[in-house]
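Novice: Data file model-v7.pdb (PDB, C-alpha atoms) is appended below.
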```pdb
MODEL        1
ATOM      1  CA  MET A   1      18.027-100.282  80.764
ATOM      2  CA  THR A   2      16.036-101.269  83.837
ATOM      3  CA  PRO A   3      15.044 -98.266  85.943
ATOM      4  CA  ASP A   4      16.553 -98.259  89.437
ATOM      5  CA  TRP A   5      13.178 -98.284  91.142
ATOM      6  CA  LYS A   6      12.453-101.735  89.749
ATOM      7  CA  GLU A   7      15.473-103.255  91.419
ATOM      8  CA  GLU A   8      16.325-101.151  94.419
ATOM      9  CA  SER A   9      13.754-100.592  97.105
ATOM     10  CA  MET A  10      15.431 -97.308  98.111
ATOM     11  CA  SER A  11      15.115 -95.702  94.654
ATOM     12  CA  HIS A  12      12.082 -93.685  93.747
ATOM     13  CA  VAL A  13      10.148 -93.406  90.521
ATOM     14  CA  ASP A  14      11.006 -90.396  88.364
ATOM     15  CA  GLU A  15       8.275 -87.892  87.471
ATOM     16  CA  GLY A  16       8.401 -88.736  83.765
ATOM     17  CA  THR A  17       7.430 -92.338  84.517
ATOM     18  CA  LEU A  18       4.640 -91.143  86.812
ATOM     19  CA  HIS A  19       3.262 -88.863  84.077
ATOM     20  CA  ALA A  20       3.438 -91.661  81.510
ATOM     21  CA  TYR A  21       1.546 -93.858  83.995
ATOM     22  CA  LEU A  22      -1.108 -91.181  84.599
ATOM     23  CA  ASP A  23      -1.404 -90.618  80.842
ATOM     24  CA  GLY A  24      -2.038 -94.346  80.348
ATOM     25  CA  GLU A  25       1.081 -94.546  78.176
ATOM     26  CA  LEU A  26       3.343 -96.790  80.259
ATOM     27  CA  PRO A  27       3.997-100.175  78.597
ATOM     28  CA  SER A  28       2.116-102.928  80.475
ATOM     29  CA  SER A  29       5.227-104.648  81.890
ATOM     30  CA  GLU A  30       6.432-101.338  83.353
ATOM     31  CA  ARG A  31       2.976-100.533  84.637
ATOM     32  CA  VAL A  32       2.817-103.803  86.588
ATOM     33  CA  ALA A  33       6.277-103.180  88.065
ATOM     34  CA  LEU A  34       5.356 -99.598  88.943
ATOM     35  CA  GLU A  35       2.158-100.618  90.693
ATOM     36  CA  ALA A  36       4.079-103.234  92.699
ATOM     37  CA  HIS A  37       6.572-100.550  93.699
ATOM     38  CA  LEU A  38       3.832 -98.073  94.619
ATOM     39  CA  ALA A  39       2.212-100.668  96.865
ATOM     40  CA  GLN A  40       5.275-100.653  99.096
ATOM     41  CA  CYS A  41       6.646 -97.098  98.716
ATOM     42  CA  ALA A  42       4.761 -94.311 100.492
ATOM     43  CA  THR A  43       7.118 -91.665  99.053
ATOM     44  CA  CYS A  44       6.255 -92.644  95.492
ATOM     45  CA  ARG A  45       2.545 -92.857  96.299
ATOM     46  CA  ALA A  46       2.747 -89.288  97.598
ATOM     47  CA  GLY A  47       4.743 -88.320  94.496
ATOM     48  CA  LEU A  48       2.084 -89.871  92.290
ATOM     49  CA  GLU A  49      -0.654 -87.828  93.946
ATOM     50  CA  GLU A  50       1.423 -84.671  93.588
ATOM     51  CA  GLU A  51       1.936 -85.328  89.874
ATOM     52  CA  ARG A  52      -1.729 -86.207  89.447
ATOM     53  CA  ALA A  53      -2.703 -82.814  90.895
ATOM     54  CA  LEU A  54      -0.141 -81.023  88.715
ATOM     55  CA  ARG A  55      -1.400 -82.824  85.613
ATOM     56  CA  ALA A  56      -5.002 -81.900  86.420
ATOM     57  CA  ARG A  57      -4.063 -78.264  87.042
ATOM     58  CA  ALA A  58      -2.179 -77.976  83.726
ATOM     59  CA  SER A  59      -5.095 -79.572  81.934
ATOM     60  CA  THR A  60      -7.536 -77.120  83.548
ATOM     61  CA  LEU A  61      -5.365 -74.158  82.554
ATOM     62  CA  LEU A  62      -5.189 -75.306  78.939
ATOM     63  CA  GLY A  63      -8.905 -76.093  78.985
ATOM     64  CA  SER A  64      -9.647 -72.528  80.073
ATOM     65  CA  VAL A  65      -8.368 -71.195  76.746
ATOM     66  CA  ARG A  66     -10.389 -73.113  74.185
ATOM     67  CA  PRO A  67     -11.927 -71.560  71.095
ATOM     68  CA  PRO A  68     -15.741 -71.256  71.343
ATOM     69  CA  GLU A  69     -17.527 -74.537  70.613
ATOM     70  CA  ARG A  70     -19.043 -74.526  67.168
ATOM     71  CA  ALA A  71     -20.407 -77.062  64.739
ATOM     72  CA  ILE A  72     -17.885 -78.748  62.462
ATOM     73  CA  PRO A  73     -18.344 -77.270  58.969
ATOM     74  CA  PRO A  74     -19.518 -79.868  56.443
ATOM     75  CA  PHE A  75     -16.670 -81.808  54.875
ATOM     76  CA  GLU A  76     -17.980 -80.899  51.407
ATOM     77  CA  ALA A  77     -17.304 -77.207  52.210
ATOM     78  CA  LEU A  78     -13.570 -77.949  52.114
ATOM     79  CA  ARG A  79     -13.580 -78.154  48.364
ATOM     80  CA  ARG A  80     -15.160 -74.705  48.238
ATOM     81  CA  ALA A  81     -12.926 -73.214  50.929
ATOM     82  CA  PRO A  82     -11.095 -70.095  49.752
ATOM     83  CA  ARG A  83      -7.538 -70.931  48.746
ATOM     84  CA  ARG A  84      -4.860 -68.768  50.244
ATOM     85  CA  SER A  85      -1.709 -67.985  48.371
ATOM     86  CA  PRO A  86       1.058 -70.478  49.287
TER
ATOM     87  CA  MET B   1      -3.357 -96.725  51.321
ATOM     88  CA  PRO B   2      -4.100 -93.137  52.398
ATOM     89  CA  ASP B   3      -6.537 -92.637  55.280
ATOM     90  CA  ASP B   4     -10.180 -91.769  54.665
ATOM     91  CA  ILE B   5      -9.876 -87.983  54.958
ATOM     92  CA  ALA B   6     -13.598 -87.449  55.601
ATOM     93  CA  GLU B   7     -13.359 -89.682  58.667
ATOM     94  CA  VAL B   8     -10.147 -88.023  59.894
ATOM     95  CA  TYR B   9     -11.903 -84.686  59.373
ATOM     96  CA  ARG B  10     -14.818 -85.641  61.632
ATOM     97  CA  ASN B  11     -12.526 -87.027  64.339
ATOM     98  CA  THR B  12      -9.718 -84.489  64.220
ATOM     99  CA  TYR B  13     -11.158 -81.106  63.174
ATOM    100  CA  PRO B  14     -12.038 -79.844  66.699
ATOM    101  CA  ALA B  15      -8.636 -80.925  68.095
ATOM    102  CA  LEU B  16      -6.817 -79.274  65.188
ATOM    103  CA  VAL B  17      -8.719 -76.001  65.698
ATOM    104  CA  ARG B  18      -7.908 -76.120  69.422
ATOM    105  CA  PHE B  19      -4.225 -76.807  68.667
ATOM    106  CA  LEU B  20      -4.118 -73.880  66.225
ATOM    107  CA  TYR B  21      -6.012 -71.578  68.566
ATOM    108  CA  ARG B  22      -3.281 -71.976  71.216
ATOM    109  CA  LYS B  23      -0.819 -70.820  68.561
ATOM    110  CA  VAL B  24      -2.588 -67.960  66.763
ATOM    111  CA  TRP B  25      -4.968 -66.982  69.631
ATOM    112  CA  ASP B  26      -7.792 -66.113  67.262
ATOM    113  CA  ALA B  27     -10.739 -68.518  66.901
ATOM    114  CA  GLU B  28     -11.636 -67.423  63.348
ATOM    115  CA  ARG B  29      -8.069 -67.721  62.108
ATOM    116  CA  ALA B  30      -7.659 -71.091  63.814
ATOM    117  CA  ALA B  31     -10.792 -72.381  62.038
ATOM    118  CA  ASP B  32      -9.627 -70.945  58.682
ATOM    119  CA  LEU B  33      -6.179 -72.512  59.048
ATOM    120  CA  ALA B  34      -7.664 -75.883  60.005
ATOM    121  CA  GLN B  35      -9.845 -75.763  56.888
ATOM    122  CA  GLU B  36      -6.826 -74.859  54.825
ATOM    123  CA  ALA B  37      -4.812 -77.762  56.273
ATOM    124  CA  PHE B  38      -7.597 -80.212  55.409
ATOM    125  CA  SER B  39      -7.933 -78.727  51.922
ATOM    126  CA  ARG B  40      -4.226 -79.313  51.390
ATOM    127  CA  ALA B  41      -4.603 -82.876  52.685
ATOM    128  CA  LEU B  42      -7.256 -83.464  50.009
ATOM    129  CA  VAL B  43      -4.694 -82.453  47.392
ATOM    130  CA  HIS B  44      -1.667 -84.255  48.874
ATOM    131  CA  ARG B  45      -3.399 -87.407  50.168
ATOM    132  CA  PRO B  46      -0.748 -88.191  52.805
ATOM    133  CA  GLU B  47      -0.404 -91.720  54.229
ATOM    134  CA  ASN B  48      -0.733 -90.626  57.860
ATOM    135  CA  THR B  49      -3.271 -87.836  57.516
ATOM    136  CA  ARG B  50      -3.579 -86.952  61.202
ATOM    137  CA  GLY B  51       0.162 -86.600  61.765
ATOM    138  CA  TRP B  52       0.581 -84.731  58.473
ATOM    139  CA  LEU B  53      -2.196 -82.285  59.375
ATOM    140  CA  PHE B  54      -0.551 -81.316  62.648
ATOM    141  CA  VAL B  55       2.811 -80.756  60.971
ATOM    142  CA  VAL B  56       1.216 -78.569  58.282
ATOM    143  CA  ALA B  57      -0.899 -76.733  60.876
ATOM    144  CA  ALA B  58       2.146 -76.013  63.047
ATOM    145  CA  ASN B  59       3.995 -74.609  60.010
ATOM    146  CA  MET B  60       1.035 -72.451  58.986
ATOM    147  CA  ALA B  61       0.678 -71.121  62.546
ATOM    148  CA  ARG B  62       4.371 -70.219  62.588
ATOM    149  CA  ASP B  63       4.064 -68.345  59.275
ATOM    150  CA  GLU B  64       0.928 -66.658  60.597
ATOM    151  CA  ALA B  65       2.714 -65.489  63.747
ATOM    152  CA  ARG B  66       5.557 -64.007  61.661
ATOM    153  CA  ARG B  67       3.105 -62.215  59.377
ATOM    154  CA  ALA B  68       1.154 -60.845  62.346
ATOM    155  CA  ALA B  69       4.363 -59.586  63.948
ATOM    156  CA  ARG B  70       5.315 -57.792  60.705
ATOM    157  CA  GLU B  71       1.860 -56.211  60.390
ATOM    158  CA  LYS B  72       1.911 -55.059  63.990
ATOM    159  CA  ARG B  73       5.295 -53.388  63.491
ATOM    160  CA  HIS B  74       3.993 -51.751  60.323
ATOM    161  CA  LEU B  75       0.825 -50.475  62.007
ATOM    162  CA  THR B  76       2.759 -49.101  64.933
ATOM    163  CA  LEU B  77       5.019 -47.241  62.521
ATOM    164  CA  LEU B  78       2.034 -45.809  60.621
ATOM    165  CA  LYS B  79       0.160 -44.715  63.721
ATOM    166  CA  GLY B  80       3.235 -43.678  65.625
ATOM    167  CA  GLU B  81       1.714 -44.806  68.867
ATOM    168  CA  PRO B  82       0.806 -48.068  70.578
ATOM    169  CA  ASP B  83      -2.705 -49.529  70.266
ATOM    170  CA  VAL B  84      -5.294 -48.024  72.566
ATOM    171  CA  VAL B  85      -7.062 -50.701  74.609
ATOM    172  CA  SER B  86     -10.699 -50.744  73.546
ATOM    173  CA  SER B  87     -13.508 -51.116  76.057
ATOM    174  CA  ALA B  88     -15.148 -54.544  76.363
ATOM    175  CA  PRO B  89     -17.932 -56.120  78.438
ATOM    176  CA  GLU B  90     -16.925 -57.539  81.828
ATOM    177  CA  ASP B  91     -17.167 -61.217  80.867
ATOM    178  CA  GLU B  92     -15.021 -60.624  77.811
ATOM    179  CA  ILE B  93     -12.418 -58.902  79.951
ATOM    180  CA  ASP B  94     -12.292 -61.958  82.203
ATOM    181  CA  ALA B  95     -11.914 -64.325  79.272
ATOM    182  CA  ASP B  96      -9.315 -62.037  77.701
ATOM    183  CA  THR B  97      -7.378 -61.777  80.951
ATOM    184  CA  GLN B  98      -7.336 -65.544  81.393
ATOM    185  CA  ARG B  99      -6.246 -66.053  77.797
ATOM    186  CA  THR B 100      -3.472 -63.495  78.215
ATOM    187  CA  ARG B 101      -2.257 -65.196  81.401
ATOM    188  CA  VAL B 102      -2.266 -68.717  79.993
ATOM    189  CA  ARG B 103      -0.707 -67.515  76.761
ATOM    190  CA  ALA B 104       2.083 -65.756  78.682
ATOM    191  CA  ALA B 105       2.642 -68.898  80.765
ATOM    192  CA  LEU B 106       2.775 -71.107  77.650
ATOM    193  CA  GLU B 107       5.338 -68.765  76.132
ATOM    194  CA  GLN B 108       7.631 -69.456  79.093
ATOM    195  CA  LEU B 109       7.967 -73.082  77.938
ATOM    196  CA  SER B 110      10.659 -74.201  75.528
ATOM    197  CA  PRO B 111       9.251 -74.670  71.994
ATOM    198  CA  ARG B 112       9.627 -78.457  72.215
ATOM    199  CA  ASP B 113       7.962 -78.711  75.633
ATOM    200  CA  ARG B 114       5.111 -76.462  74.475
ATOM    201  CA  GLU B 115       4.635 -78.422  71.253
ATOM    202  CA  SER B 116       4.549 -81.739  73.133
ATOM    203  CA  LEU B 117       1.986 -80.413  75.598
ATOM    204  CA  LEU B 118      -0.264 -78.969  72.884
ATOM    205  CA  LEU B 119      -0.052 -82.181  70.862
ATOM    206  CA  TRP B 120      -0.969 -84.254  73.936
ATOM    207  CA  ASP B 121      -3.876 -81.928  74.615
ATOM    208  CA  ALA B 122      -4.986 -82.348  70.994
ATOM    209  CA  GLY B 123      -5.337 -86.080  71.660
ATOM    210  CA  MET B 124      -2.033 -87.371  70.282
ATOM    211  CA  SER B 125      -0.467 -90.517  71.777
ATOM    212  CA  TYR B 126       3.136 -90.667  72.994
ATOM    213  CA  ASP B 127       4.065 -92.530  69.796
ATOM    214  CA  GLU B 128       2.536 -89.762  67.683
ATOM    215  CA  ILE B 129       4.168 -86.992  69.726
ATOM    216  CA  ALA B 130       7.534 -88.758  69.391
ATOM    217  CA  ALA B 131       7.111 -88.986  65.614
ATOM    218  CA  GLN B 132       6.077 -85.344  65.434
ATOM    219  CA  THR B 133       8.758 -83.825  67.645
ATOM    220  CA  GLY B 134      11.680 -86.159  66.975
ATOM    221  CA  LEU B 135      11.913 -86.985  70.689
ATOM    222  CA  ALA B 136      12.410 -90.589  71.826
ATOM    223  CA  ARG B 137       9.154 -92.142  73.005
ATOM    224  CA  GLY B 138      10.754 -92.788  76.380
ATOM    225  CA  ALA B 139      11.407 -89.048  76.790
ATOM    226  CA  ILE B 140       7.790 -87.934  76.296
ATOM    227  CA  GLY B 141       6.695 -88.530  79.905
ATOM    228  CA  THR B 142       9.599 -86.449  81.218
ATOM    229  CA  THR B 143       8.936 -83.741  78.626
ATOM    230  CA  LEU B 144       5.242 -83.521  79.533
ATOM    231  CA  ALA B 145       6.017 -83.553  83.256
ATOM    232  CA  ARG B 146       8.390 -80.603  82.793
ATOM    233  CA  ALA B 147       5.976 -78.773  80.468
ATOM    234  CA  ARG B 148       3.066 -79.133  82.895
ATOM    235  CA  ARG B 149       5.150 -78.026  85.863
ATOM    236  CA  ARG B 150       6.493 -74.962  84.028
ATOM    237  CA  LEU B 151       3.047 -74.009  82.750
ATOM    238  CA  VAL B 152       1.555 -74.096  86.245
ATOM    239  CA  GLU B 153       4.532 -72.329  87.840
ATOM    240  CA  ALA B 154       4.641 -69.611  85.165
ATOM    241  CA  TYR B 155       0.876 -69.076  85.442
ATOM    242  CA  ASP B 156       1.039 -68.760  89.239
ATOM    243  CA  ALA B 157       4.041 -66.432  89.006
ATOM    244  CA  GLY B 158       2.064 -64.291  86.539
ATOM    245  CA  LEU B 159      -0.868 -64.106  88.955
ATOM    246  CA  GLU B 160       1.421 -63.011  91.788
ATOM    247  CA  GLY B 161       3.053 -60.407  89.551
ATOM    248  CA  GLY B 162      -0.377 -59.126  88.474
ATOM    249  CA  GLU B 163      -1.506 -58.804  92.092
ATOM    250  CA  HIS B 164       1.604 -56.804  92.978
ATOM    251  CA  VAL B 165       0.888 -54.438  90.084
ATOM    252  CA  ALA B 166      -2.800 -54.195  91.026
ATOM    253  CA  ARG B 167      -1.897 -53.322  94.595
ATOM    254  CA  GLY B 168       0.335 -50.589  93.239
TER
ENDMDL
END
```
What does this structure look like when you write it as structure tokens?

Specialist:
Amino acid sequence: MTPDWKEESMSHVDEGTLHAYLDGELPSSERVALEAHLAQCATCRAGLEEERALRARASTLLGSVRPPERAIPPFEALRRAPRRSP
Amino acid sequence: MPDDIAEVYRNTYPALVRFLYRKVWDAERAADLAQEAFSRALVHRPENTRGWLFVVAANMARDEARRAAREKRHLTLLKGEPDVVSSAPEDEIDADTQRTRVRAALEQLSPRDRESLLLWDAGMSYDEIAAQTGLARGAIGTTLARARRRLVEAYDAGLEGGEHVARG
């Protein structure tokens, strides 16, 4: 089904499409249509910036709780790794 | 033909540890479980090793959480009192506080939203997240948008709540 924003100038792009666009996961045909829409819709451009900031904030929050960086154990160690009971 | 597990190991190990850490919240356990998942992959030789590893890791983390909950109940019964908070250096308190806040915020998400967000953060594509979660590919953007919004809102709400408590 064609999203409304592709056909009706008054419709706006939903946040899921904006996140897929920001994630680089929008299929190319949809990406071209979205960029054409953004060029003429100030509301959606503002929405895109809002979602971009939200996405960055969520990513920063998750990034703040990483395990300490450490070297990857040698692959050969896997075969010697202690086996836990199933 | 099955993937080259040594290559998947080099490319995926850090992301798998990170994914597990956000589930068990213990760096040592996360590393042990990641090793265990790869050891099992060596035995099973799955076709899609990366996807298989994340499924197995998610299952192990769930079992781990259940076991930890049982042990905690048991310990509380034995001691008859809640754990006493031990003293820790300032920087550790900050890191612990942040971890507690983000963890609490993540727990406000629905399991499917949380899983999608953690898989994306582990470097999975929309196609891979769809395969893993059973969601339609077209629903992943909406799911991640909702997950990100709820994470940020829950985190900010937690900060506000903490400030109210701190002010007494």

Novice: List the residues matched by the PyMOL selection byres ((chain B) within 6 of (chain A)) in the displayed structure as an NGL selection string, ordered by chain and then by residue number.

Specialist: :B and (27 or 39 or 99 or 141-142 or 145 or 148 or 152)

Novice: Here's the selection I'm unsure about, the PyMOL selection byres ((chain B and resi 109-124) around 9); applied to the file above, which residues does it give, as a count of residues only?

Specialist: 35

Novice: Report, in Å to a single decimal, how far apart CA of Glu50 in chain A and CA of Arg103 in chain B are.

Specialist: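 Between CA of Arg103 in chain B and CA of Glu50 in chain A the gap is 24.1 Å.
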
Novice: Show which residues sit within 10 Å of range 35-37 of chain A, as an NGL selection string. Count all atoms listed in the file, and ignore same-chain residues fewer than 4 positions away.

Specialist: :A and (5-9 or 11-13 or 21 or 30-31 or 41-42 or 44-45)

Novice: Please write the residues from the selection above to a file, keeping C-alpha atoms, as a PDB file, in the frame of the given file.

Specialist:
```pdb
ATOM      1  CA  TRP A   5      13.178 -98.284  91.142  1.00  0.00           C
ATOM      2  CA  LYS A   6      12.453-101.735  89.749  1.00  0.00           C
ATOM      3  CA  GLU A   7      15.473-103.255  91.419  1.00  0.00           C
ATOM      4  CA  GLU A   8      16.325-101.151  94.419  1.00  0.00           C
ATOM      5  CA  SER A   9      13.754-100.592  97.105  1.00  0.00           C
ATOM      6  CA  SER A  11      15.115 -95.702  94.654  1.00  0.00           C
ATOM      7  CA  HIS A  12      12.082 -93.685  93.747  1.00  0.00           C
ATOM      8  CA  VAL A  13      10.148 -93.406  90.521  1.00  0.00           C
ATOM      9  CA  TYR A  21       1.546 -93.858  83.995  1.00  0.00           C
ATOM     10  CA  GLU A  30       6.432-101.338  83.353  1.00  0.00           C
ATOM     11  CA  ARG A  31       2.976-100.533  84.637  1.00  0.00           C
ATOM     12  CA  CYS A  41       6.646 -97.098  98.716  1.00  0.00           C
ATOM     13  CA  ALA A  42       4.761 -94.311 100.492  1.00  0.00           C
ATOM     14  CA  CYS A  44       6.255 -92.644  95.492  1.00  0.00           C
ATOM     15  CA  ARG A  45       2.545 -92.857  96.299  1.00  0.00           C
TER      16      ARG A  45
END
```

Novice: To one decimal place, how far is CA of Ala69 in chain B from CA of Tyr13 in chain B in Å?

Specialist: 26.5 Å

Novice: Please indicate the distance in Å from CA of Trp52 in chain B to CA of Ala136 in chain B, rounded to one decimal place.

Specialist: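 Computing the Euclidean distance for CA of Trp52 in chain B and CA of Ala136 in chain B yields 18.8 Å.
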
Novice: Would you list the contacts of Val56 in chain B as a PyMOL selection string, taking every protein, DNA or RNA residue within 10 Å and counting only C-alpha atoms, but skipping same-chain residues closer than 2 positions in sequence?

Specialist: chain B and resi 33-34+36-38+40-41+51-54+58-62

Novice: Counting only C-alpha atoms, figure out which residue out of B:Arg149, B:Arg137, B:Arg29, B:Arg50 gets nearest to Glu7 in chain B.

Specialist: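 Ranking B:Arg149, B:Arg137, B:Arg29, B:Arg50 by distance to Glu7 in chain B, first place goes to B:Arg50.
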
Novice: Can range 31-53 of chain A be brought up to N, CA and C atoms and written out as a short mmCIF file (atom, residue, chain, number, x, y, z; two decimals), keeping the file's coordinate frame?

Specialist:
```
data_model
loop_
_atom_site.label_atom_id
_atom_site.label_comp_id
_atom_site.auth_asym_id
_atom_site.auth_seq_id
_atom_site.Cartn_x
_atom_site.Cartn_y
_atom_site.Cartn_z
N ARG A 31 4.10 -100.94 83.80
CA ARG A 31 2.98 -100.53 84.64
C ARG A 31 2.80 -101.50 85.82
N VAL A 32 2.94 -102.80 85.53
CA VAL A 32 2.82 -103.80 86.59
C VAL A 32 3.92 -103.60 87.62
N ALA A 33 5.15 -103.38 87.15
CA ALA A 33 6.28 -103.18 88.06
C ALA A 33 6.08 -101.91 88.89
N LEU A 34 5.57 -100.87 88.23
CA LEU A 34 5.36 -99.60 88.94
C LEU A 34 4.30 -99.76 90.04
N GLU A 35 3.23 -100.45 89.70
CA GLU A 35 2.16 -100.62 90.69
C GLU A 35 2.65 -101.45 91.88
N ALA A 36 3.51 -102.43 91.61
CA ALA A 36 4.08 -103.23 92.70
C ALA A 36 4.95 -102.35 93.58
N HIS A 37 5.71 -101.46 92.94
CA HIS A 37 6.57 -100.55 93.70
C HIS A 37 5.73 -99.58 94.53
N LEU A 38 4.69 -99.04 93.91
CA LEU A 38 3.83 -98.07 94.62
C LEU A 38 3.19 -98.70 95.86
N ALA A 39 2.87 -99.99 95.75
CA ALA A 39 2.21 -100.67 96.86
C ALA A 39 3.09 -100.68 98.12
N GLN A 40 4.41 -100.59 97.92
CA GLN A 40 5.28 -100.65 99.10
C GLN A 40 6.10 -99.38 99.33
N CYS A 41 5.84 -98.32 98.55
CA CYS A 41 6.65 -97.10 98.72
C CYS A 41 5.73 -95.88 98.93
N ALA A 42 5.63 -95.44 100.16
CA ALA A 42 4.76 -94.31 100.49
C ALA A 42 5.25 -93.03 99.82
N THR A 43 6.56 -92.87 99.68
CA THR A 43 7.12 -91.66 99.05
C THR A 43 6.64 -91.56 97.60
N CYS A 44 6.68 -92.68 96.90
CA CYS A 44 6.26 -92.64 95.49
C CYS A 44 4.74 -92.51 95.36
N ARG A 45 4.01 -93.06 96.33
CA ARG A 45 2.54 -92.86 96.30
C ARG A 45 2.24 -91.37 96.48
N ALA A 46 2.95 -90.73 97.39
CA ALA A 46 2.75 -89.29 97.60
C ALA A 46 3.16 -88.52 96.34
N GLY A 47 4.27 -88.95 95.74
CA GLY A 47 4.74 -88.32 94.50
C GLY A 47 3.71 -88.46 93.38
N LEU A 48 3.10 -89.63 93.32
CA LEU A 48 2.08 -89.87 92.29
C LEU A 48 0.91 -88.91 92.47
N GLU A 49 0.48 -88.73 93.70
CA GLU A 49 -0.65 -87.83 93.95
C GLU A 49 -0.29 -86.38 93.61
N GLU A 50 0.96 -86.02 93.91
CA GLU A 50 1.42 -84.67 93.59
C GLU A 50 1.40 -84.45 92.07
N GLU A 51 1.91 -85.45 91.34
CA GLU A 51 1.94 -85.33 89.87
C GLU A 51 0.53 -85.38 89.29
N ARG A 52 -0.34 -86.14 89.92
CA ARG A 52 -1.73 -86.21 89.45
C ARG A 52 -2.39 -84.82 89.56
N ALA A 53 -2.12 -84.15 90.68
CA ALA A 53 -2.70 -82.81 90.90
C ALA A 53 -2.11 -81.81 89.90
#
```
